[in-house]
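Dropping data-v5.txt in here (compact mmCIF, C-alpha atoms and all ligand atoms):
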# COMPACT_ATOMS: atom_id res chain seq x y z
CA MET A 1 15.16 182.29 27.27
CA LYS A 2 13.76 179.03 28.61
CA PRO A 3 14.85 178.04 32.13
CA LYS A 4 17.24 175.11 32.52
CA VAL A 5 15.53 172.23 34.29
CA LEU A 6 16.72 168.85 35.52
CA LEU A 7 14.20 166.02 35.59
CA THR A 8 15.66 163.15 37.59
CA HIS A 9 13.50 160.31 36.15
CA PRO A 10 10.83 160.18 33.43
CA LEU A 11 7.33 161.50 34.09
CA LEU A 12 4.26 160.16 32.31
CA LYS A 13 4.71 161.16 28.66
CA GLU A 14 2.08 163.90 28.35
CA ALA A 15 3.58 165.81 31.27
CA MET A 16 7.17 165.24 30.19
CA ASP A 17 6.43 166.49 26.65
CA TYR A 18 4.87 169.65 28.09
CA LEU A 19 7.86 170.25 30.37
CA ALA A 20 10.22 169.76 27.42
CA GLU A 21 8.28 172.36 25.40
CA GLN A 22 8.42 174.96 28.17
CA THR A 23 11.99 174.51 29.41
CA GLU A 24 15.50 173.55 28.40
CA LEU A 25 15.13 170.09 29.82
CA GLU A 26 17.70 167.49 30.79
CA LEU A 27 16.50 164.03 31.79
CA ALA A 28 19.10 162.73 34.25
CA THR A 29 18.35 159.05 33.67
CA SER A 30 15.72 156.73 32.28
CA GLN A 31 16.80 154.01 34.78
CA ASP A 32 15.12 153.38 38.14
CA PHE A 33 18.25 154.36 40.06
CA LEU A 34 20.07 157.68 39.76
CA PRO A 35 23.42 157.73 41.58
CA HIS A 36 23.67 160.70 43.93
CA SER A 37 27.01 161.69 42.34
CA GLU A 38 25.28 162.07 38.96
CA LEU A 39 22.54 164.21 40.43
CA VAL A 40 25.17 166.43 42.04
CA GLN A 41 26.97 166.76 38.72
CA LYS A 42 23.89 167.49 36.62
CA ILE A 43 22.27 170.08 38.91
CA VAL A 44 25.17 172.55 38.56
CA ASP A 45 23.67 174.90 35.95
CA LYS A 46 19.95 174.24 36.59
CA GLU A 47 17.32 176.73 37.75
CA GLY A 48 14.62 174.14 38.29
CA LEU A 49 14.60 170.56 39.59
CA LEU A 50 11.74 168.09 39.20
CA CYS A 51 12.46 165.10 41.40
CA PHE A 52 10.88 162.10 43.14
CA LEU A 53 10.85 160.57 46.60
CA SER A 54 13.75 158.30 45.63
CA ASP A 55 16.04 161.34 45.08
CA THR A 56 17.80 162.69 48.15
CA ILE A 57 18.05 166.46 47.91
CA ASP A 58 20.57 167.16 50.65
CA GLN A 59 23.24 169.74 51.35
CA GLU A 60 25.63 168.23 48.80
CA VAL A 61 23.06 168.68 46.02
CA LEU A 62 22.13 172.19 47.13
CA ASP A 63 25.80 173.20 47.45
CA HIS A 64 26.26 172.27 43.79
CA ALA A 65 23.20 174.21 42.64
CA PRO A 66 24.01 177.94 42.71
CA ALA A 67 21.34 178.78 40.11
CA LEU A 68 18.56 176.64 41.61
CA ARG A 69 15.30 178.55 42.26
CA ALA A 70 12.68 175.82 42.56
CA ILE A 71 12.36 172.15 43.50
CA SER A 72 9.17 170.37 42.49
CA ASN A 73 8.79 167.01 44.24
CA CYS A 74 6.49 164.63 42.41
CA ALA A 75 5.13 163.22 45.69
CA VAL A 76 3.14 164.45 48.63
CA GLY A 77 5.86 163.37 51.12
CA ILE A 78 8.86 165.71 51.16
CA ASN A 79 11.11 163.87 53.63
CA ASN A 80 13.66 163.36 50.82
CA ILE A 81 14.39 167.10 50.72
CA ASP A 82 16.36 169.21 53.20
CA LEU A 83 13.51 171.69 53.35
CA LYS A 84 15.05 174.00 55.92
CA LEU A 85 18.26 174.38 53.97
CA ALA A 86 16.44 174.87 50.66
CA ARG A 87 14.29 177.59 52.24
CA SER A 88 17.29 179.31 53.80
CA ARG A 89 18.70 179.59 50.29
CA GLY A 90 15.50 181.07 48.90
CA ILE A 91 14.61 177.93 46.92
CA ILE A 92 10.89 177.26 46.51
CA VAL A 93 9.75 173.69 47.26
CA THR A 94 6.47 172.23 46.00
CA ASN A 95 4.72 168.86 46.28
CA THR A 96 1.63 167.06 44.94
CA PRO A 97 -0.94 166.97 47.76
CA ASN A 98 -4.59 165.78 47.85
CA ILE A 99 -4.67 163.80 44.61
CA LEU A 100 -3.09 160.69 46.17
CA THR A 101 -5.57 160.36 48.98
CA GLU A 102 -8.19 158.06 47.45
CA PRO A 103 -5.89 155.56 45.65
CA THR A 104 -3.66 155.28 48.72
CA ALA A 105 -6.69 154.61 50.90
CA ASP A 106 -7.87 152.00 48.37
CA LEU A 107 -4.49 150.28 48.51
CA THR A 108 -4.63 150.28 52.30
CA MET A 109 -7.92 148.38 52.15
CA ALA A 110 -6.36 146.00 49.63
CA LEU A 111 -3.52 145.29 52.08
CA ILE A 112 -5.93 144.89 54.99
CA LEU A 113 -7.90 142.32 53.00
CA ALA A 114 -4.82 140.64 51.55
CA THR A 115 -3.31 140.10 55.00
CA THR A 116 -6.43 139.18 56.96
CA ARG A 117 -7.71 136.83 54.23
CA ARG A 118 -4.26 135.49 53.22
CA ILE A 119 -4.89 136.32 49.56
CA VAL A 120 -1.30 136.12 48.31
CA GLU A 121 -0.62 132.77 50.03
CA ALA A 122 -3.86 131.36 48.64
CA ASP A 123 -3.06 132.58 45.12
CA GLU A 124 0.36 130.89 45.28
CA PHE A 125 -1.29 127.68 46.49
CA CYS A 126 -3.55 127.60 43.41
CA ARG A 127 -0.71 128.36 40.99
CA GLN A 128 1.34 125.53 42.49
CA GLY A 129 -1.49 123.10 41.60
CA ARG A 130 -2.12 122.32 45.27
CA PHE A 131 -5.89 123.02 45.31
CA GLN A 132 -7.40 119.53 45.68
CA GLY A 133 -10.93 120.56 46.70
CA TRP A 134 -12.93 122.60 49.23
CA ARG A 135 -11.94 122.04 52.82
CA ILE A 136 -13.46 123.49 55.99
CA ASP A 137 -10.11 124.71 57.31
CA LEU A 138 -8.44 125.85 54.10
CA PHE A 139 -6.72 129.26 54.47
CA LEU A 140 -8.58 130.39 57.52
CA GLY A 141 -8.17 134.13 57.96
CA GLN A 142 -9.73 136.83 60.07
CA GLY A 143 -13.03 138.61 59.49
CA LEU A 144 -13.25 142.40 59.74
CA GLN A 145 -16.80 142.87 61.01
CA GLY A 146 -16.73 144.18 64.58
CA LYS A 147 -12.92 144.36 64.75
CA THR A 148 -11.00 147.52 65.64
CA LEU A 149 -8.90 149.49 63.19
CA GLY A 150 -6.25 151.74 64.76
CA ILE A 151 -5.19 154.57 62.47
CA ILE A 152 -1.86 156.23 63.22
CA GLY A 153 -1.80 159.63 61.51
CA CYS A 154 -5.35 160.73 60.79
CA GLY A 155 -4.80 163.34 58.07
CA GLN A 156 -6.43 163.16 54.66
CA ILE A 157 -5.34 159.59 53.86
CA GLY A 158 -6.04 158.26 57.36
CA GLN A 159 -9.52 159.80 57.20
CA ALA A 160 -10.16 158.32 53.74
CA VAL A 161 -9.24 154.91 55.19
CA ALA A 162 -11.62 155.50 58.12
CA ARG A 163 -14.48 156.23 55.70
CA ARG A 164 -13.85 152.98 53.84
CA ALA A 165 -13.41 151.00 57.06
CA GLN A 166 -16.88 152.03 58.26
CA ALA A 167 -18.38 150.10 55.33
CA PHE A 168 -16.52 146.96 56.45
CA GLY A 169 -18.03 147.16 59.94
CA LEU A 170 -14.74 148.11 61.60
CA LYS A 171 -14.68 150.14 64.79
CA ILE A 172 -12.24 153.04 64.37
CA ILE A 173 -9.75 154.47 66.83
CA TYR A 174 -6.96 156.86 65.90
CA TYR A 175 -3.80 158.53 67.15
CA ASN A 176 -2.68 161.86 65.70
CA ARG A 177 -0.32 164.66 66.69
CA HIS A 178 -3.33 166.95 66.90
CA ARG A 179 -6.69 165.61 67.99
CA LEU A 180 -9.46 166.07 65.39
CA SER A 181 -12.45 168.30 66.11
CA PRO A 182 -15.46 166.64 67.78
CA ASP A 183 -17.45 167.10 64.53
CA ARG A 184 -14.79 165.35 62.49
CA GLU A 185 -14.49 162.54 65.01
CA ALA A 186 -18.26 162.10 64.90
CA ALA A 187 -18.35 162.09 61.08
CA LEU A 188 -15.63 159.44 60.96
CA LYS A 189 -17.04 157.56 63.97
CA ALA A 190 -13.44 157.61 65.23
CA ASP A 191 -12.32 157.72 68.86
CA TYR A 192 -9.00 159.24 69.91
CA ARG A 193 -6.43 157.10 71.77
CA GLN A 194 -2.88 157.57 73.01
CA LEU A 195 -0.43 155.59 70.86
CA ASP A 196 0.24 152.77 73.34
CA THR A 197 -3.47 152.31 74.05
CA LEU A 198 -4.22 152.19 70.33
CA LEU A 199 -1.53 149.56 69.76
CA ALA A 200 -2.89 147.37 72.55
CA GLU A 201 -6.53 147.73 71.49
CA ALA A 202 -6.46 147.52 67.69
CA ASP A 203 -6.85 144.35 65.64
CA ILE A 204 -5.43 146.17 62.62
CA VAL A 205 -2.97 149.04 62.96
CA SER A 206 -2.62 151.18 59.84
CA ILE A 207 0.08 153.85 59.51
CA HIS A 208 -0.66 157.09 57.64
CA ALA A 209 1.65 159.57 59.35
CA SER A 210 4.25 161.64 57.54
CA LEU A 211 7.90 160.91 58.24
CA ASN A 212 9.57 163.53 60.43
CA PRO A 213 11.95 163.39 63.42
CA ASP A 214 8.99 162.60 65.74
CA SER A 215 7.67 159.70 63.67
CA ASP A 216 11.05 158.17 62.71
CA HIS A 217 11.00 154.64 64.28
CA LEU A 218 7.75 155.46 66.06
CA ILE A 219 7.03 151.73 65.92
CA THR A 220 9.91 149.97 67.65
CA GLY A 221 10.15 146.41 68.96
CA ASP A 222 8.74 147.62 72.29
CA LYS A 223 5.72 149.14 70.56
CA LEU A 224 5.14 145.97 68.51
CA ALA A 225 5.19 144.03 71.78
CA LEU A 226 2.12 146.02 72.90
CA MET A 227 0.08 144.68 69.96
CA LYS A 228 -2.18 141.64 70.13
CA ARG A 229 -0.73 138.34 68.84
CA SER A 230 -3.63 138.28 66.37
CA ALA A 231 -2.98 141.85 65.16
CA VAL A 232 -2.02 143.04 61.69
CA LEU A 233 0.23 146.01 60.89
CA ILE A 234 -0.20 147.96 57.64
CA ASN A 235 2.26 150.63 56.46
CA VAL A 236 1.62 152.66 53.30
CA ALA A 237 3.23 155.87 54.62
CA ARG A 238 7.03 155.80 54.98
CA GLY A 239 9.15 152.77 55.83
CA ALA A 240 11.32 154.47 58.45
CA ILE A 241 8.30 154.95 60.73
CA VAL A 242 8.69 151.25 61.57
CA ASP A 243 11.86 149.52 62.79
CA GLU A 244 11.88 146.97 59.96
CA LYS A 245 14.24 144.49 61.69
CA ALA A 246 12.05 144.51 64.79
CA LEU A 247 8.98 143.98 62.61
CA ALA A 248 10.56 140.98 60.86
CA LYS A 249 11.31 139.50 64.30
CA ALA A 250 7.76 140.11 65.54
CA LEU A 251 6.33 138.40 62.44
CA LYS A 252 8.75 135.49 62.65
CA THR A 253 8.11 134.79 66.33
CA GLY A 254 4.33 135.18 66.02
CA GLN A 255 4.32 138.26 68.25
CA ILE A 256 1.94 139.76 65.69
CA TRP A 257 -0.10 137.85 63.12
CA ALA A 258 0.71 139.56 59.82
CA ALA A 259 1.84 142.75 58.09
CA GLY A 260 1.14 144.48 54.79
CA LEU A 261 3.83 146.86 53.57
CA ASP A 262 4.03 149.23 50.63
CA VAL A 263 7.06 151.14 51.94
CA TYR A 264 10.46 150.20 53.39
CA GLU A 265 12.98 151.66 55.74
CA HIS A 266 15.83 151.56 53.22
CA GLU A 267 13.88 151.66 49.98
CA PRO A 268 14.30 149.99 47.51
CA GLN A 269 16.09 147.47 49.78
CA ILE A 270 13.76 145.23 51.75
CA GLU A 271 14.87 143.66 55.00
CA PRO A 272 15.98 140.13 53.84
CA ASP A 273 14.23 138.42 56.78
CA LEU A 274 10.88 139.74 55.53
CA LEU A 275 11.30 138.15 52.11
CA SER A 276 11.04 134.58 53.38
CA LEU A 277 7.99 135.14 55.60
CA LYS A 278 4.53 134.03 54.50
CA ASN A 279 2.67 136.34 56.88
CA VAL A 280 3.76 139.56 55.21
CA VAL A 281 2.47 141.03 51.95
CA LEU A 282 5.09 143.17 50.21
CA LEU A 283 4.33 145.78 47.56
CA PRO A 284 6.77 148.07 45.69
CA HIS A 285 5.52 151.50 46.89
CA ILE A 286 2.44 151.62 44.62
CA GLY A 287 0.01 153.45 46.92
CA SER A 288 -0.69 156.17 44.34
CA ALA A 289 -0.08 153.99 41.28
CA THR A 290 -3.28 154.33 39.31
CA TYR A 291 -2.89 155.70 35.79
CA GLU A 292 -5.21 158.62 36.61
CA THR A 293 -3.38 159.65 39.75
CA ARG A 294 0.15 159.29 38.40
CA LEU A 295 -0.82 161.43 35.38
CA GLN A 296 -2.33 164.06 37.70
CA MET A 297 0.81 163.96 39.86
CA SER A 298 3.04 164.37 36.80
CA LEU A 299 1.06 167.36 35.49
CA MET A 300 0.80 168.95 38.91
CA ALA A 301 4.56 168.65 39.46
CA VAL A 302 5.24 170.27 36.06
CA ASN A 303 2.79 173.13 36.67
CA ASN A 304 4.21 173.74 40.15
CA LEU A 305 7.70 174.04 38.71
CA LEU A 306 6.70 176.27 35.80
CA GLU A 307 4.76 178.60 38.09
CA ALA A 308 7.68 178.89 40.50
CA LEU A 309 10.17 179.54 37.69
CA ALA A 310 7.84 182.21 36.25
CA GLY A 311 8.05 184.05 39.58
CA LYS A 312 4.50 183.17 40.64
CA THR A 313 3.51 181.56 43.94
CA PRO A 314 2.89 177.94 42.97
CA ALA A 315 -0.42 176.37 43.93
CA ASN A 316 1.28 173.65 45.96
CA LEU A 317 4.00 175.49 47.77
CA VAL A 318 5.22 173.45 50.76
CA LYS A 319 4.60 175.49 53.86
CA ASP A 320 5.90 174.81 57.37
CA SER A 321 4.56 171.53 58.75
C1 LIG A 401 4.02 160.21 48.05
O1 LIG A 401 3.64 160.94 47.11
O2 LIG A 401 4.53 160.68 49.06
C2 LIG A 401 3.78 158.74 47.90
O3 LIG A 401 4.44 158.00 48.86
C3 LIG A 401 4.17 158.24 46.52
O4 LIG A 401 3.14 158.33 45.68
I need this file expressed as structure tokens, please.
Amino acid sequence: MKPKVLLTHPLLKEAMDYLAEQTELELATSQDFLPHSELVQKIVDKEGLLCFLSDTIDQEVLDHAPALRAISNCAVGINNIDLKLARSRGIIVTNTPNILTEPTADLTMALILATTRRIVEADEFCRQGRFQGWRIDLFLGQGLQGKTLGIIGCGQIGQAVARRAQAFGLKIIYYNRHRLSPDREAALKADYRQLDTLLAEADIVSIHASLNPDSDHLITGDKLALMKRSAVLINVARGAIVDEKALAKALKTGQIWAAGLDVYEHEPQIEPDLLSLKNVVLLPHIGSATYETRLQMSLMAVNNLLEALAGKTPANLVKDS
């Protein structure tokens, strides 16, 4: 008998077709938003759950899932799942690590360039028919050569950003829970700093930490106040690492120069004050959104779930962090 599986939102077709062949599949919704009450209702008889970072898998969901054996999260971040509780109930949790590293690092560079060179503002200017000719002071931005990039969270994605940043002539400093080995630091040409020192020294601060109780609101108003007035903040990790209201205030008052965001504290809601500011570039959480990567993520999430439901140890079992 095929296992009963709940898929909260569609996957890319190839992966979804494969999952439908191998399981008794229910697709909870084809909309962007799945109400929590519907998730709770639909999980009742399921052995497997394939979900996304927008689905909150909390005690209420787990209490309604007596048959649940495996949760496959189609994301590398697993902050949407009550991991401890799932584990205590013998439920296997998997994620999709490694494959998102390069596209997310690419998008980070895109945000660094978009903010420092004011790309979005300049594009709007052209579309509005306001380009009247070359001018010496038109859309002056900031160059990267010789500036300092401060990486917060120097795991795989942070390190991939560091490698790219070297090619742009950026000096690299980083803050991480665990300091990297001297060899790794040398390969990345990255120097370790305490968080406050990094914030004060960097021209661009880029966040690549995972969200956990230690990193929740790591960047408060007080921390933003340590940054240079000319500094740029980039966040492609998780919105809640930054106090979004404090960030909007810092951008509005010129306490920092600009920000580039791919993630939000209360996703998909965006702090209304940010929406009217010209010095922030806003993206809809597309760090991993290349066709290649999203297909790989979809297939990996399906394979993880099928392996777990077949009683095997899945390749991407989430272990203790
Ligand atoms: C993840 O996987 O955690 C990313 O944020 C979404 O691609």
Item to check | Test item: residues no farther than 12 Å from ligand LIG 401 (chain A), counting all atoms listed in the file, as a PyMOL selection string | outcome: chain A and resi 51-54+72-81+94-105+107+157+208-211+235-239+262-264+267+284-291+293-298+300-301
Checklist entry - Using all atoms listed in the file, which residues sit within 9 Å of range 180-195 of chain A once same-chain residues fewer than 3 positions away are excluded, as a PyMOL selection string? => result chain A and resi 150+152+154+159+162-163+166+171-176+198-200+223
Just to be explicit: take each residue in the selection above, keep C-alpha atoms, and write the result as an mmCIF file, in the frame of the given file.
data_model
loop_
_atom_site.group_PDB
_atom_site.id
_atom_site.type_symbol
_atom_site.label_atom_id
_atom_site.label_comp_id
_atom_site.auth_asym_id
_atom_site.auth_seq_id
_atom_site.Cartn_x
_atom_site.Cartn_y
_atom_site.Cartn_z
ATOM 1 C CA GLY A 150 -6.250 151.740 64.760
ATOM 2 C CA ILE A 152 -1.860 156.230 63.220
ATOM 3 C CA CYS A 154 -5.350 160.730 60.790
ATOM 4 C CA GLN A 159 -9.520 159.800 57.200
ATOM 5 C CA ALA A 162 -11.620 155.500 58.120
ATOM 6 C CA ARG A 163 -14.480 156.230 55.700
ATOM 7 C CA GLN A 166 -16.880 152.030 58.260
ATOM 8 C CA LYS A 171 -14.680 150.140 64.790
ATOM 9 C CA ILE A 172 -12.240 153.040 64.370
ATOM 10 C CA ILE A 173 -9.750 154.470 66.830
ATOM 11 C CA TYR A 174 -6.960 156.860 65.900
ATOM 12 C CA TYR A 175 -3.800 158.530 67.150
ATOM 13 C CA ASN A 176 -2.680 161.860 65.700
ATOM 14 C CA LEU A 198 -4.220 152.190 70.330
ATOM 15 C CA LEU A 199 -1.530 149.560 69.760
ATOM 16 C CA ALA A 200 -2.890 147.370 72.550
ATOM 17 C CA LYS A 223 5.720 149.140 70.560
#
Residue neighbourhood Ala86 in chain A, 10 Å, all atoms listed in the file, exclusion window fewer than 4 positions, as a compact mmCIF listing (two decimals) with C-alpha atoms, in the frame of the given file:
# COMPACT_ATOMS: atom_id res chain seq x y z
CA ILE A 57 18.05 166.46 47.91
CA ASP A 58 20.57 167.16 50.65
CA GLN A 59 23.24 169.74 51.35
CA LEU A 62 22.13 172.19 47.13
CA LEU A 68 18.56 176.64 41.61
CA ARG A 69 15.30 178.55 42.26
CA ALA A 70 12.68 175.82 42.56
CA ILE A 71 12.36 172.15 43.50
CA ILE A 81 14.39 167.10 50.72
CA ASP A 82 16.36 169.21 53.20
CA GLY A 90 15.50 181.07 48.90
CA ILE A 91 14.61 177.93 46.92
CA ILE A 92 10.89 177.26 46.51
CA VAL A 93 9.75 173.69 47.26
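The space separating CA of Leu34 in chain A from CA of Leu12 in chain A comes to 17.7 Å.
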Item to check | Polymer residues at most 12 Å from (0.9, 135.6, 47.2) by all atoms listed in the file, as a ChimeraX atom specification | outcome: /A:111,114-115,117-128,260,275-283
Item to check | Residue with smallest distance to Gly254 in chain A - pool A:Ile204, A:Ala310, A:Met227, A:Ile43, counting only C-alpha atoms | outcome: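 Of A:Ile204, A:Ala310, A:Met227, A:Ile43, the one nearest Gly254 in chain A, counting only C-alpha atoms, is A:Met227.
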Next on the checklist: Considering only C-alpha atoms, can you say which of A:Val61, A:Leu113, A:Ala250, A:Ala20 comes closest to Leu7 in chain A?
Outcome noted: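 Comparing A:Val61, A:Leu113, A:Ala250, A:Ala20 against Leu7 in chain A, the winner is A:Ala20.
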Next on the checklist: What does the structure give for the distance between CA of Ala28 in chain A and CA of Lys42 in chain A, in Å to one decimal?
Outcome noted: 7.2 Å
Item to check | Coordinates-based distance that separates CA of Tyr18 in chain A from CA of Gln31 in chain A (Å, one decimal) | outcome: 20.8 Å
Item to check | Residue contacts of Leu170 in chain A (7 Å, all atoms listed in the file) excluding same-chain residues fewer than 4 positions away, as a list in words | outcome: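 Selected residues are Leu144, Gln145, Gly146, Lys147, Thr148, Leu149, Ala165 and Gln166 of chain A.
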Next on the checklist: Taking all atoms listed in the file into account, name the residue in A:Leu261, A:Leu39, A:Ile219, A:Leu140 that is nearest to Thr56 in chain A.
Outcome noted: A:Leu39
